[in-house]
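Q: Just query-v8.csv, nothing more (CSV, C-alpha atoms):
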```
chain,number,residue,atom,x,y,z
A,14,MET,CA,158.7,-93.5,-39.5
A,15,SER,CA,155.2,-95.0,-39.5
A,16,THR,CA,152.4,-92.9,-41.0
A,17,SER,CA,149.7,-95.2,-39.7
A,18,ILE,CA,146.6,-93.4,-38.3
A,19,ARG,CA,144.5,-96.5,-38.1
A,20,GLY,CA,144.3,-96.7,-34.3
A,21,ILE,CA,143.5,-93.0,-33.8
A,22,THR,CA,141.1,-92.3,-30.9
A,23,ARG,CA,139.7,-89.3,-29.2
A,24,GLU,CA,142.0,-90.0,-26.3
A,25,SER,CA,145.1,-90.1,-28.5
A,26,LEU,CA,144.3,-86.8,-30.1
A,27,THR,CA,146.1,-84.6,-27.6
A,28,ARG,CA,146.1,-81.6,-30.0
A,29,PRO,CA,144.1,-80.8,-33.1
A,30,LEU,CA,145.3,-81.8,-36.5
A,31,VAL,CA,145.2,-80.1,-39.9
A,32,GLN,CA,144.3,-82.0,-43.1
A,33,ILE,CA,144.8,-80.4,-46.5
A,34,SER,CA,142.3,-81.5,-49.1
A,35,LEU,CA,143.8,-81.7,-52.6
A,36,ASP,CA,140.6,-81.2,-54.6
A,37,LEU,CA,142.7,-80.7,-57.8
A,38,THR,CA,142.8,-82.4,-61.2
A,39,ASN,CA,146.5,-83.0,-61.8
A,40,ASN,CA,149.5,-84.2,-59.9
A,41,THR,CA,151.7,-81.2,-60.7
A,42,GLU,CA,149.3,-78.8,-58.8
A,43,ALA,CA,148.6,-81.4,-56.2
A,44,LEU,CA,152.3,-81.9,-55.3
A,45,ARG,CA,152.9,-78.1,-55.3
A,46,THR,CA,150.0,-77.4,-53.1
A,47,ALA,CA,150.8,-80.3,-50.7
A,48,ALA,CA,154.4,-79.0,-50.4
A,49,ILE,CA,153.1,-75.5,-49.4
A,50,ALA,CA,150.6,-77.1,-47.0
A,51,VAL,CA,153.3,-79.2,-45.3
A,52,GLU,CA,155.6,-76.2,-45.0
A,53,ALA,CA,152.7,-74.4,-43.4
A,54,GLY,CA,152.2,-77.1,-40.8
A,55,ALA,CA,149.5,-79.4,-42.2
A,56,ASP,CA,149.6,-82.9,-40.6
A,57,TRP,CA,147.6,-85.0,-43.1
A,58,ILE,CA,147.3,-85.0,-46.9
A,59,GLU,CA,144.0,-85.8,-48.5
A,60,VAL,CA,143.8,-87.0,-52.1
A,61,GLY,CA,140.5,-85.3,-52.9
A,62,THR,CA,137.8,-86.8,-55.1
A,63,PRO,CA,138.7,-84.7,-58.2
A,64,LEU,CA,142.3,-85.9,-57.9
A,65,VAL,CA,141.2,-89.5,-57.4
A,66,LEU,CA,139.2,-89.2,-60.7
A,67,ALA,CA,141.9,-87.5,-62.6
A,68,GLU,CA,145.1,-89.2,-61.4
A,69,GLY,CA,143.9,-92.2,-59.2
A,70,LEU,CA,146.6,-94.5,-58.0
A,71,HIS,CA,149.3,-92.3,-59.6
A,72,ALA,CA,148.4,-89.5,-57.2
A,73,VAL,CA,148.6,-91.7,-54.2
A,74,ARG,CA,151.9,-93.1,-55.2
A,75,ALA,CA,153.3,-89.7,-56.1
A,76,LEU,CA,152.3,-88.2,-52.8
A,77,ARG,CA,153.5,-91.2,-50.8
A,78,LYS,CA,156.9,-90.9,-52.5
A,79,GLU,CA,157.2,-87.1,-52.0
A,80,PHE,CA,155.8,-87.1,-48.4
A,81,PRO,CA,156.9,-90.4,-46.8
A,82,ASP,CA,156.2,-89.2,-43.2
A,83,LYS,CA,152.7,-87.8,-43.8
A,84,PRO,CA,149.5,-89.8,-43.5
A,85,ILE,CA,147.6,-89.9,-46.8
A,86,ILE,CA,143.8,-90.0,-46.9
A,87,VAL,CA,142.0,-91.0,-50.1
A,88,ASP,CA,138.5,-89.6,-50.6
A,89,LEU,CA,137.2,-92.5,-52.6
A,90,LYS,CA,133.5,-91.8,-51.6
A,91,THR,CA,133.1,-95.6,-52.1
A,92,MET,CA,129.5,-96.8,-52.8
A,93,ASP,CA,130.2,-100.3,-54.1
A,94,GLY,CA,133.1,-102.6,-54.8
A,95,GLY,CA,134.4,-101.7,-51.4
A,96,TYR,CA,137.2,-104.2,-50.9
A,97,LEU,CA,138.8,-103.7,-54.3
A,98,GLU,CA,138.7,-99.9,-54.2
A,99,ALA,CA,140.3,-99.9,-50.7
A,100,GLU,CA,142.7,-102.6,-51.5
A,101,MET,CA,144.1,-100.7,-54.5
A,102,MET,CA,144.6,-97.6,-52.5
A,103,GLY,CA,146.1,-99.4,-49.6
A,104,ASP,CA,148.6,-101.2,-51.9
A,105,ALA,CA,149.5,-97.8,-53.3
A,106,GLY,CA,150.4,-96.4,-49.9
A,107,ALA,CA,147.2,-94.9,-48.5
A,108,ASP,CA,146.7,-94.6,-44.7
A,109,ALA,CA,143.0,-94.0,-44.8
A,110,VAL,CA,140.0,-94.3,-47.2
A,111,ILE,CA,136.5,-93.0,-47.1
A,112,VAL,CA,133.3,-95.0,-47.5
A,113,MET,CA,129.8,-93.4,-47.8
A,114,GLY,CA,127.2,-94.1,-45.2
A,115,GLN,CA,124.7,-94.3,-47.9
A,116,ALA,CA,126.4,-97.5,-49.2
A,117,HIS,CA,125.1,-100.9,-48.3
A,118,ASP,CA,126.3,-102.3,-45.0
A,119,ALA,CA,128.1,-105.0,-47.0
A,120,THR,CA,130.1,-102.4,-48.8
A,121,ILE,CA,131.1,-100.7,-45.5
A,122,ALA,CA,132.1,-104.1,-44.1
A,123,ALA,CA,134.2,-104.8,-47.2
A,124,VAL,CA,136.1,-101.5,-46.9
A,125,ILE,CA,136.7,-102.3,-43.2
A,126,GLU,CA,138.0,-105.7,-44.1
A,127,ALA,CA,140.5,-104.1,-46.5
A,128,GLY,CA,141.4,-101.6,-43.9
A,129,ASP,CA,142.2,-104.5,-41.5
A,130,ARG,CA,144.4,-106.1,-44.1
A,131,PHE,CA,146.3,-103.0,-45.1
A,132,GLY,CA,146.4,-101.2,-41.8
A,133,MET,CA,144.2,-98.3,-43.0
A,134,LEU,CA,141.9,-96.1,-41.0
A,135,VAL,CA,138.3,-96.3,-42.5
A,136,MET,CA,136.4,-93.1,-42.4
A,137,GLY,CA,132.6,-93.1,-42.9
A,138,ASP,CA,130.9,-90.1,-44.6
A,139,ASP,CA,127.3,-89.1,-43.7
A,140,LEU,CA,126.8,-87.1,-46.9
A,141,GLY,CA,123.1,-87.2,-48.0
A,142,ALA,CA,121.8,-88.9,-44.9
A,143,ALA,CA,118.3,-87.7,-43.8
A,144,ASP,CA,119.3,-88.1,-40.1
A,145,ARG,CA,122.9,-87.3,-39.8
A,146,VAL,CA,123.3,-88.0,-36.1
A,147,ALA,CA,121.8,-91.5,-36.6
A,148,GLU,CA,123.9,-92.1,-39.6
A,149,CYS,CA,127.2,-91.3,-37.8
A,150,ALA,CA,126.1,-93.6,-34.9
A,151,ARG,CA,125.4,-96.3,-37.4
A,152,LEU,CA,128.7,-95.9,-39.1
A,153,GLU,CA,130.5,-96.3,-35.8
A,154,ALA,CA,128.5,-99.3,-34.9
A,155,LEU,CA,129.5,-100.9,-38.2
A,156,GLY,CA,133.2,-100.4,-37.3
A,157,VAL,CA,134.5,-97.3,-39.0
A,158,GLY,CA,137.4,-95.6,-37.1
A,159,MET,CA,136.3,-92.0,-37.8
A,160,VAL,CA,133.1,-90.3,-39.0
A,161,ILE,CA,132.9,-87.4,-41.4
A,162,HIS,CA,130.0,-85.0,-41.0
A,163,HIS,CA,129.6,-83.6,-44.5
A,164,ILE,CA,127.4,-81.0,-46.2
A,165,GLY,CA,128.0,-81.4,-49.9
A,166,TYR,CA,129.2,-78.9,-52.4
A,167,ASP,CA,126.2,-79.2,-54.7
A,168,HIS,CA,123.8,-79.2,-51.8
A,169,ARG,CA,125.2,-76.0,-50.4
A,170,ASN,CA,125.3,-74.2,-53.7
A,171,ALA,CA,121.8,-75.3,-54.8
A,172,ASN,CA,120.4,-73.8,-51.5
A,173,PRO,CA,122.6,-70.8,-50.7
A,174,HIS,CA,119.7,-69.1,-48.9
A,175,LEU,CA,119.6,-71.8,-46.3
A,176,GLY,CA,123.1,-71.1,-45.0
A,177,LEU,CA,123.8,-74.9,-44.8
A,178,THR,CA,126.7,-75.7,-42.5
A,179,PRO,CA,128.0,-78.9,-40.8
A,180,LEU,CA,128.2,-76.9,-37.5
A,181,THR,CA,124.4,-77.3,-37.1
A,182,ASP,CA,124.4,-81.0,-36.3
A,183,LEU,CA,128.0,-81.3,-35.2
A,184,PRO,CA,127.4,-81.2,-31.4
A,185,GLY,CA,124.8,-83.9,-31.6
A,186,ILE,CA,127.0,-86.1,-33.8
A,187,VAL,CA,130.0,-85.7,-31.4
A,188,ALA,CA,127.7,-86.6,-28.4
A,189,ALA,CA,126.2,-89.7,-30.2
A,190,THR,CA,129.6,-91.2,-31.1
A,191,THR,CA,132.9,-92.1,-29.5
A,192,VAL,CA,135.3,-92.2,-32.5
A,193,PRO,CA,136.9,-89.0,-33.8
A,194,VAL,CA,134.7,-86.7,-35.8
A,195,GLN,CA,135.5,-84.5,-38.7
A,196,ALA,CA,133.3,-81.7,-40.1
A,197,VAL,CA,133.5,-80.6,-43.7
A,198,GLY,CA,131.5,-78.6,-46.2
A,199,GLY,CA,131.9,-74.8,-46.8
A,200,LEU,CA,133.4,-73.8,-43.5
A,201,SER,CA,135.2,-70.5,-43.2
A,202,ILE,CA,138.6,-70.3,-41.6
A,203,GLU,CA,137.0,-69.1,-38.4
A,204,GLN,CA,134.5,-71.9,-38.4
A,205,ALA,CA,137.1,-74.5,-39.1
A,206,VAL,CA,139.4,-73.2,-36.3
A,207,GLY,CA,136.4,-73.5,-33.9
A,208,CYS,CA,135.7,-77.2,-34.7
A,209,PRO,CA,138.1,-78.6,-32.0
A,210,ALA,CA,136.1,-76.8,-29.4
A,211,ILE,CA,133.0,-78.6,-30.6
A,212,GLY,CA,134.7,-82.0,-30.4
A,213,ALA,CA,135.9,-82.3,-34.0
A,214,PRO,CA,139.7,-81.9,-33.8
A,215,VAL,CA,140.8,-83.0,-37.3
A,216,VAL,CA,140.3,-79.9,-39.3
A,217,VAL,CA,140.1,-79.9,-43.1
A,218,PHE,CA,141.3,-77.0,-45.2
A,219,GLY,CA,140.5,-77.1,-48.9
A,220,ALA,CA,138.1,-75.1,-51.0
A,221,PRO,CA,137.9,-72.1,-50.8
A,222,LEU,CA,141.1,-71.5,-48.7
A,223,ALA,CA,143.6,-73.7,-50.6
A,224,ILE,CA,141.6,-74.7,-53.7
A,225,ASP,CA,139.5,-72.7,-56.2
A,226,GLY,CA,136.1,-74.5,-55.6
A,227,LYS,CA,134.8,-73.7,-59.1
A,228,SER,CA,137.8,-74.5,-61.2
A,229,PHE,CA,139.3,-77.1,-58.8
A,230,SER,CA,142.7,-75.6,-59.3
A,231,ALA,CA,145.2,-74.2,-56.8
A,232,ALA,CA,144.0,-70.9,-55.3
A,233,ASP,CA,145.8,-67.7,-55.9
A,234,GLY,CA,147.2,-65.4,-53.3
A,235,ASP,CA,149.5,-65.9,-50.3
A,236,LEU,CA,148.6,-69.5,-49.7
A,237,LEU,CA,151.6,-70.2,-47.6
A,238,GLY,CA,151.0,-67.3,-45.3
A,239,VAL,CA,147.2,-67.9,-44.9
A,240,LEU,CA,147.7,-71.6,-44.3
A,241,THR,CA,150.6,-71.1,-41.8
A,242,ASP,CA,148.4,-68.8,-39.7
A,243,ALA,CA,145.4,-71.2,-40.0
A,244,CYS,CA,147.5,-74.3,-39.0
A,245,ALA,CA,149.0,-72.5,-36.0
A,246,ARG,CA,145.5,-71.4,-34.8
A,247,VAL,CA,144.1,-75.0,-35.2
A,248,HIS,CA,147.1,-76.5,-33.4
A,249,ALA,CA,146.6,-74.1,-30.5
A,250,ALA,CA,142.8,-74.6,-30.2
A,251,PRO,CA,141.4,-76.4,-27.3
A,252,ILE,CA,139.7,-79.8,-27.8
A,253,VAL,CA,136.4,-80.0,-26.0
A,254,TYR,CA,134.3,-83.1,-25.9
A,255,PRO,CA,130.8,-83.4,-24.4
A,256,GLY,CA,130.3,-84.6,-20.9
```
Rewrite the structure of this file - the entire thing - as structure tokens.

A:
Amino acid sequence: MSTSIRGITRESLTRPLVQISLDLTNNTEALRTAAIAVEAGADWIEVGTPLVLAEGLHAVRALRKEFPDKPIIVDLKTMDGGYLEAEMMGDAGADAVIVMGQAHDATIAAVIEAGDRFGMLVMGDDLGAADRVAECARLEALGVGMVIHHIGYDHRNANPHLGLTPLTDLPGIVAATTVPVQAVGGLSIEQAVGCPAIGAPVVVFGAPLAIDGKSFSAADGDLLGVLTDACARVHAAPIVYPG
């Protein structure tokens, strides 16, 4: 069974999808959390940046072996050396990699070249952009297959009084692009479930639902029950695009 998501389009997204973000620091917890998420109904598995730093290619290979029918996204947050970073992950079995919009155009082009070679979806992240709508439109013009609208962890926590959320600019980003859009950064379950109705149908669950955002370890509590309900709600949500 192919796990390729490279050619995904808004038209091919007939129902919303759930992506579990494994922002953990060891493979044991990552595999355990991924198994719970898959049982709960998650569609895509993300090797989060902490896991990339802690386990790297070992995490990608372990998840590929354990979940051969699930797309694996690797949150490299690539800023330079784009081809080599993407090549290594593609060779290990990744289905998608993430490059930063703040990277040079040449780096984004290099990641896209590696995506072409290894059949990977390239996702462009707008973290840190002054004009997020323009950044996402730029990323699409450069050739990424999906854009990620991202309000960062440090940014949110340094300015909690501002109530920063990706939902603020999300409608404008969806309207300014034609590729699939994903919104991440401190969303509650209710906000995440509402993303497909704003035109962002690939919904990410990680911290604080599945991951303890301060210790970057697996969250306590009834993770299976909470995720099962959340996945079911996402899958049943309507997808609404502008126009």

Q: Could you state the separation of atom CA of Ile125 of chain A and atom CA of Leu64 of chain A in Å, given to one decimal place?

A: 22.7 Å

Q: As a list in words, please: the residues near Val253 of chain A (cut-off 9 Å, only C-alpha atoms, same-chain neighbours under 5 positions excluded).

A: Pro209, Ala210, Ile211, Gly212, Ala213 and Pro214 of chain A

Q: Which one is closest to His168 of chain A: A:Ala189, A:Gly141, A:Leu180, A:Leu152? Count only C-alpha atoms.

A: A:Gly141

Q: Measure the distance from atom CA of Thr190 of chain A to atom CA of Glu153 of chain A in Å and round it to one decimal.

A: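 One can read the atom CA of Thr190 of chain A to atom CA of Glu153 of chain A distance as 7.0 Å.
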
Q: Can you pull out the residues contacting Asp139 of chain A? Cut-off 8 Å, using all atoms listed in the file, and skip same-chain residues under 6 positions away; I want them as a PyMOL selection string.

A: chain A and resi 113-115+145+148-149+160-163

Q: Got a sec: who's within 8 Å of Arg19 of chain A, counting all atoms listed in the file, leaving out chain neighbours fewer than 6 positions off, as an MDAnalysis selection string?

A: chainID A and resid 108:109 132:135 158

Q: List as a ChimeraX atom specification the protein and nucleic acid residues near Phe80 of chain A, meaning an atom at most 12 Å away when all atoms listed in the file are counted, but skip any in the same chain fewer than 6 places from it.

A: /A:14-16,44-45,47-52,55-59,72-74,106-107

Q: Can you work out the spacing between atom CA of Gly20 of chain A and atom CA of Gly185 of chain A in Å, to one decimal?

A: 23.5 Å

Q: Nearest residue to Ala147 of chain A out of A:Val247, A:Ile164, A:Ile186, A:Ala67, using only C-alpha atoms?

A: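 Checking each of A:Val247, A:Ile164, A:Ile186, A:Ala67 against Ala147 of chain A, counting only C-alpha atoms, the winner is A:Ile186.
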
Q: Give the answer as one residue: which of A:Asn172, A:Gln204, A:Asn39, A:Thr46 has the shortest atom-to-atom distance to Val216 of chain A, using all atoms listed in the file?

A: A:Gln204

Q: If we count only C-alpha atoms, what is near Leu97 of chain A at a cut-off of 10 Å, once residues fewer than 5 positions away on the same chain are taken out, given as a ChimeraX atom specification?

A: /A:102-103,123-124,127

Q: Take the residues that were just selected and, keeping C-alpha atoms, output them as an mmCIF file, keeping the file's coordinate frame.

A:
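Output file again_10.cif is given in full below:
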```cif
data_model
loop_
_atom_site.group_PDB
_atom_site.id
_atom_site.type_symbol
_atom_site.label_atom_id
_atom_site.label_comp_id
_atom_site.auth_asym_id
_atom_site.auth_seq_id
_atom_site.Cartn_x
_atom_site.Cartn_y
_atom_site.Cartn_z
ATOM 1 C CA MET A 102 144.600 -97.600 -52.500
ATOM 2 C CA GLY A 103 146.100 -99.400 -49.600
ATOM 3 C CA ALA A 123 134.200 -104.800 -47.200
ATOM 4 C CA VAL A 124 136.100 -101.500 -46.900
ATOM 5 C CA ALA A 127 140.500 -104.100 -46.500
#
```

Q: From the options A:Asp93, A:Leu37, A:Gly256, A:Ser17, which residue's atoms come nearest to Phe131 of chain A, counting all atoms listed in the file?

A: A:Ser17
